[in-house]
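> So that we are looking at the same thing, I have put the structure below in structure tokens.
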Amino acid sequence: MKIVMVGPFGLQLKGTMAVRALPMAKALAARGHAVEVILPPWDCPKDSGHAWEEDGVRVVNVTMPPGVPALGHVLLTWRLVRRALAHQPDVVHCFKPKAYAGLVAWTLWWLRKLGLVRVPLVVDADDWEGAGGWNEIEDYSWAQKRFFAWQERWGLTHCDALTVASRTLESIVWSMGVPPDRVFGVPNGVQKEQEAGGRRQEAGGKGQGTRSILLYTRFFEFAVERVIEVLRLVLAQVPQARLLVVGKGLFGEEKKLLALAAEAGLTEKVNYVGWVSSEELPHYFASADVAIYPYDDTLINRTKCSVKLIDLMAAGLPIVADDVGQNGVYIKHGTSGFLVEPGDTAAFAGAVIRLLKDHDLRERLGEGARQRVRQYFTWDRLVDSVEAAYRLARGETGD
């Protein structure tokens with residue numbers, strides 16, 4: 001099957017295409033499909049016009065047009081559409097019903113209505129973009145918020161099949177009247193080389209008995225005050241604990257975390273390393289005894305599907321997470337991590353303390369996390385549902 005995937009942005013700054021679409025494409029290519037990923041690299045202009053092959057997948061960054069606001073958007077959309085149709089694909093898969101990918105889906109839908117093309121259209125949703133979603137987080141104008149909210153609802157209801165990353169997104173699109181048999185749940189996963197990695201080496205015992213608690217995050221999912229309170233409660237019973245923070249906030253939230261730590265007299269208990277490359281992550285994962293994944297109970301958190309959480313599980317880390325959205329799908333409580341009722345800070349801290357005090361429990365839950373990823377959340381398994389979505393979109397009834 002010839003498959004074209006279209007993104008709303010490039011591979012560099014935002015996650016969907018790099019950690020969802022491209023691994024999905026690689027798994028499909030490994031099954032013998034011809035897959036091309038087409039990107040509008042407005043977020044990484046240096047990639048403009050560049051193309052390369054990656055594990056059997058053709059990655060194409062269309063050439064960015066001149067920076068004329070309205071005309072530039074039209075030209076870029078048309079270049080994406082033209083490239084998508086160039087090799088007569090069997091299916092076009094647009095990632096996010098928003099921005100340029102949403103414009104491509106809209107254009108293809110109307111070209112079909114006019115009888116000019118016949119290509120099946122699949123749309124992917126891995127977040128909620130409208131009210132209660134990214135519109136509330138990003139610094140969009142009023143007009144952009146209205147447009148993105150309209151794009152999202154239109155795109156989710158005008159395609160031949162949908163792939164969605166969470167159960168909450170499934171429920172939302174069902175409520176819009178999309179038949180359930182056209183909606184395919186495809187959570188995020190790991191590539192085979194990730195789940196096949198060696199056992200993690202614990203930090204405990206390396207340097208005066210320090211116990212390292214890893215917070216691997218983009219910060220927007222929770223109130224930073226809660227992290228400081230968890231740390232304070234943990235230190236009351238495990239004074240040798242330290243918080244290792246890997247990641248950078250969207251709006252400088254890490255500065256607030258460090259300021260609150262200073263106010264609480266905990267500066268020396270927090271090691272903030274900031275954003276690190278994917279090549280460096282295994283080092284920090286290996287240096288941690290326990291990982292925490294705090295999640296406020298919000299619509300955006302219920303709809304999203306955290307790649308960071310599954311990365312921690314694949315690394316064999318014992319994890320404490322709030323039981324919100326897909327967290328409860330990935331983690332089986334007491335077997336592959338601990339789930340806590342959202343907002344229960346005392347219970348969250350208690351679970352961390354229990355893990356820090358029990359080496360055997362850490363080992364068991366960490367190995368349980370790694371095995372759960374291996375069994376259920378590798379891309380070579382998850383693309384079964386993607387292929388099923390393509391078959392339905394193409395009107396195929398058999399296997």
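Residues in the structure tokens are named by chain (A, B, ... in the order shown) and by number from 1 within that chain; ligands are numbered from 1 in the order shown.
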Which residues, written as a PyMOL selection string, have at least one atom at most 12 Å from region 83-90 of chain A, with only C-alpha atoms counted and residues fewer than 2 positions away on the same chain left out?

chain A and resi 1-7+33-40+49+59-63+76-81+92-94+101+104-105+107-108+111+116-122+387+390-396

> For region 174-186 of chain A, find every residue with an atom within 12 Å (counting only C-alpha atoms), except residues of its own chain fewer than 5 positions away, and show them as JSON, numbers by chain.

{"A": [20, 21, 24, 121, 122, 123, 124, 125, 126, 152, 153, 154, 155, 156, 157, 158, 159, 160, 161, 162, 163, 164, 165, 166, 167, 168, 169, 303, 304, 305, 326, 329, 376, 377, 378, 379, 380, 381, 382, 383, 384, 385, 386, 387, 388, 389, 390, 391, 392, 393, 394, 395]}

> Hey, what does DSSP flag as helix (DSSP H, G or I) within region 196-340 of chain A? Can you give it to me as JSON, numbers by chain?

{"A": [224, 225, 226, 227, 228, 229, 230, 231, 232, 233, 234, 235, 236, 237, 253, 254, 255, 256, 257, 258, 259, 260, 261, 262, 263, 267, 268, 269, 281, 282, 283, 284, 285, 286, 299, 300, 301, 302, 303, 307, 308, 309, 310, 311, 312, 313, 314, 327, 328, 329, 330]}

> I need the residues from that last selection saved to file as a short mmCIF file (atom, residue, chain, number, x, y, z; two decimals), in the first residue's frame (with N, CA and C atoms), if you can.


data_model
loop_
_atom_site.label_atom_id
_atom_site.label_comp_id
_atom_site.auth_asym_id
_atom_site.auth_seq_id
_atom_site.Cartn_x
_atom_site.Cartn_y
_atom_site.Cartn_z
N VAL A 224 3.00 23.26 39.66
CA VAL A 224 4.34 22.98 40.19
C VAL A 224 4.35 23.00 41.72
N GLU A 225 3.40 23.72 42.33
CA GLU A 225 3.34 23.73 43.80
C GLU A 225 3.18 22.32 44.37
N ARG A 226 2.45 21.51 43.63
CA ARG A 226 2.19 20.14 44.12
C ARG A 226 3.47 19.31 44.14
N VAL A 227 4.33 19.51 43.18
CA VAL A 227 5.59 18.77 43.15
C VAL A 227 6.44 19.12 44.38
N ILE A 228 6.48 20.40 44.73
CA ILE A 228 7.25 20.81 45.90
C ILE A 228 6.66 20.21 47.17
N GLU A 229 5.33 20.14 47.25
CA GLU A 229 4.69 19.55 48.42
C GLU A 229 4.98 18.06 48.51
N VAL A 230 4.95 17.37 47.37
CA VAL A 230 5.30 15.95 47.37
C VAL A 230 6.73 15.77 47.86
N LEU A 231 7.64 16.59 47.36
CA LEU A 231 9.04 16.48 47.78
C LEU A 231 9.18 16.73 49.27
N ARG A 232 8.48 17.73 49.78
CA ARG A 232 8.56 18.03 51.21
C ARG A 232 8.08 16.84 52.05
N LEU A 233 6.98 16.22 51.65
CA LEU A 233 6.45 15.07 52.39
C LEU A 233 7.39 13.87 52.31
N VAL A 234 7.99 13.66 51.14
CA VAL A 234 8.92 12.54 50.98
C VAL A 234 10.15 12.74 51.85
N LEU A 235 10.69 13.97 51.87
CA LEU A 235 11.91 14.24 52.64
C LEU A 235 11.71 14.05 54.14
N ALA A 236 10.48 14.21 54.59
CA ALA A 236 10.22 14.02 56.02
C ALA A 236 10.49 12.58 56.45
N GLN A 237 10.37 11.63 55.50
CA GLN A 237 10.61 10.23 55.84
C GLN A 237 11.82 9.63 55.13
N GLU A 253 7.90 27.45 33.26
CA GLU A 253 7.41 26.95 34.55
C GLU A 253 8.53 26.44 35.44
N GLU A 254 9.65 26.03 34.82
CA GLU A 254 10.77 25.53 35.63
C GLU A 254 11.30 26.62 36.56
N LYS A 255 11.21 27.88 36.15
CA LYS A 255 11.67 28.99 37.01
C LYS A 255 10.81 29.08 38.26
N LYS A 256 9.52 28.87 38.08
CA LYS A 256 8.62 28.90 39.24
C LYS A 256 8.91 27.74 40.18
N LEU A 257 9.16 26.56 39.62
CA LEU A 257 9.50 25.40 40.45
C LEU A 257 10.74 25.68 41.28
N LEU A 258 11.78 26.22 40.67
CA LEU A 258 13.02 26.48 41.39
C LEU A 258 12.83 27.58 42.42
N ALA A 259 12.00 28.57 42.11
CA ALA A 259 11.73 29.64 43.08
C ALA A 259 10.98 29.09 44.29
N LEU A 260 10.00 28.22 44.05
CA LEU A 260 9.25 27.62 45.16
C LEU A 260 10.15 26.72 46.00
N ALA A 261 11.06 26.01 45.34
CA ALA A 261 12.01 25.18 46.08
C ALA A 261 12.88 26.04 46.99
N ALA A 262 13.29 27.19 46.48
CA ALA A 262 14.13 28.10 47.28
C ALA A 262 13.35 28.64 48.47
N GLU A 263 12.08 29.00 48.24
CA GLU A 263 11.24 29.51 49.33
C GLU A 263 11.06 28.47 50.43
N THR A 267 16.39 24.09 47.90
CA THR A 267 17.19 24.27 46.69
C THR A 267 18.20 23.15 46.50
N GLU A 268 18.86 22.75 47.57
CA GLU A 268 19.89 21.72 47.46
C GLU A 268 19.31 20.32 47.24
N LYS A 269 18.00 20.21 47.37
CA LYS A 269 17.34 18.91 47.15
C LYS A 269 16.83 18.76 45.72
N LEU A 281 18.96 10.95 27.28
CA LEU A 281 17.92 10.53 28.23
C LEU A 281 18.25 9.23 28.96
N PRO A 282 18.76 8.19 28.29
CA PRO A 282 19.03 6.95 29.02
C PRO A 282 19.94 7.14 30.24
N HIS A 283 20.87 8.05 30.16
CA HIS A 283 21.75 8.32 31.31
C HIS A 283 20.94 8.79 32.52
N TYR A 284 20.02 9.70 32.29
CA TYR A 284 19.22 10.24 33.40
C TYR A 284 18.21 9.21 33.90
N PHE A 285 17.64 8.45 32.98
CA PHE A 285 16.74 7.38 33.41
C PHE A 285 17.49 6.39 34.30
N ALA A 286 18.70 6.05 33.91
CA ALA A 286 19.48 5.07 34.68
C ALA A 286 19.90 5.60 36.04
N LEU A 299 -9.24 18.33 30.85
CA LEU A 299 -9.61 17.76 29.56
C LEU A 299 -8.38 17.49 28.70
N ILE A 300 -7.45 18.41 28.68
CA ILE A 300 -6.27 18.20 27.84
C ILE A 300 -5.47 17.00 28.32
N ASN A 301 -5.39 16.78 29.63
CA ASN A 301 -4.66 15.61 30.13
C ASN A 301 -5.42 14.32 29.88
N ARG A 302 -6.74 14.37 29.95
CA ARG A 302 -7.52 13.15 29.67
C ARG A 302 -7.42 12.73 28.21
N THR A 303 -7.29 13.71 27.32
CA THR A 303 -7.28 13.37 25.90
C THR A 303 -5.90 13.03 25.38
N VAL A 307 3.88 10.24 25.61
CA VAL A 307 5.05 9.50 25.17
C VAL A 307 6.08 9.45 26.29
N LYS A 308 6.17 10.51 27.08
CA LYS A 308 7.15 10.52 28.18
C LYS A 308 6.87 9.41 29.18
N LEU A 309 5.61 9.17 29.48
CA LEU A 309 5.28 8.11 30.43
C LEU A 309 5.70 6.75 29.89
N ILE A 310 5.41 6.50 28.64
CA ILE A 310 5.77 5.18 28.10
C ILE A 310 7.28 5.04 27.92
N ASP A 311 7.98 6.15 27.70
CA ASP A 311 9.44 6.11 27.68
C ASP A 311 9.99 5.68 29.03
N LEU A 312 9.41 6.22 30.10
CA LEU A 312 9.84 5.85 31.45
C LEU A 312 9.57 4.37 31.72
N MET A 313 8.42 3.89 31.28
CA MET A 313 8.09 2.48 31.46
C MET A 313 9.05 1.59 30.68
N ALA A 314 9.35 1.97 29.44
CA ALA A 314 10.26 1.16 28.62
C ALA A 314 11.65 1.11 29.23
N ASN A 327 -3.03 7.40 31.39
CA ASN A 327 -2.12 6.88 32.42
C ASN A 327 -2.64 5.55 32.96
N GLY A 328 -3.96 5.48 33.14
CA GLY A 328 -4.57 4.26 33.66
C GLY A 328 -4.67 3.15 32.64
N VAL A 329 -4.41 3.45 31.37
CA VAL A 329 -4.33 2.41 30.34
C VAL A 329 -2.93 1.84 30.30
N TYR A 330 -1.94 2.70 30.38
CA TYR A 330 -0.56 2.25 30.34
C TYR A 330 -0.16 1.50 31.61
#

> Run DSSP on the backbone of this structure and report the residues of region 148-250 of chain A it assigns to strand (DSSP E or B), as a list of chain:residue names.

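Selecting the strand (DSSP E or B) positions of region 148-250 of chain A gives A:Ala161, A:Leu162, A:Thr163, A:Val164, A:Val183, A:Phe184, A:Gly185, A:Val190, A:Arg211, A:Ser212, A:Ile213, A:Leu214, A:Leu215, A:Tyr216, A:Ala241, A:Arg242, A:Leu243, A:Leu244, A:Val245, A:Val246.
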
> Using only C-alpha atoms, which of the listed residues (A:His73, A:His50, A:Arg354, A:Lys96) sits closest to Gly15 (chain A)?

A:Lys96

> What does the structure give for the distance between CA of Phe220 (chain A) and CA of Leu266 (chain A), in Å to one decimal?

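Distance reported for this atom pair: 21.8 Å.
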
> With distances taken over only C-alpha atoms, which of A:Lys14, A:His359, A:Arg82, A:Lys332 is nearest to Leu250 (chain A)?

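Using only C-alpha atoms, the shortest distance to Leu250 (chain A) belongs to A:Lys14.
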
> Any idea what's packed within 9 Å of Cys44 (chain A), counting only C-alpha atoms, ignoring anything in its chain fewer than 5 positions away? Could you give it as an MDAnalysis selection string?

chainID A and resid 9:13

> Have a look at A:Asp297, A:Ser277, A:Met17, A:Arg211 and name the one nearest to Gly132 (chain A); count only C-alpha atoms.

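For Gly132 (chain A), the nearest of the candidates is A:Asp297.
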
> When you draw a straight line from CA of Pro342 (chain A) to CA of Asp296 (chain A), how long is it in Å?

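Separation of CA of Pro342 (chain A) and CA of Asp296 (chain A): 6.3 Å.
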
> Tell me which of A:Thr345, A:Ser336, A:Asn135, A:Ser48 sits closest to Leu365 (chain A), counting only C-alpha atoms.

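Counting only C-alpha atoms, the residue closest to Leu365 (chain A) is A:Ser336.
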
> I'd like the interatomic distance between CA of Glu138 (chain A) and CA of Leu339 (chain A), to a tenth of an Å.

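Between CA of Glu138 (chain A) and CA of Leu339 (chain A) the gap works out to 28.6 Å.
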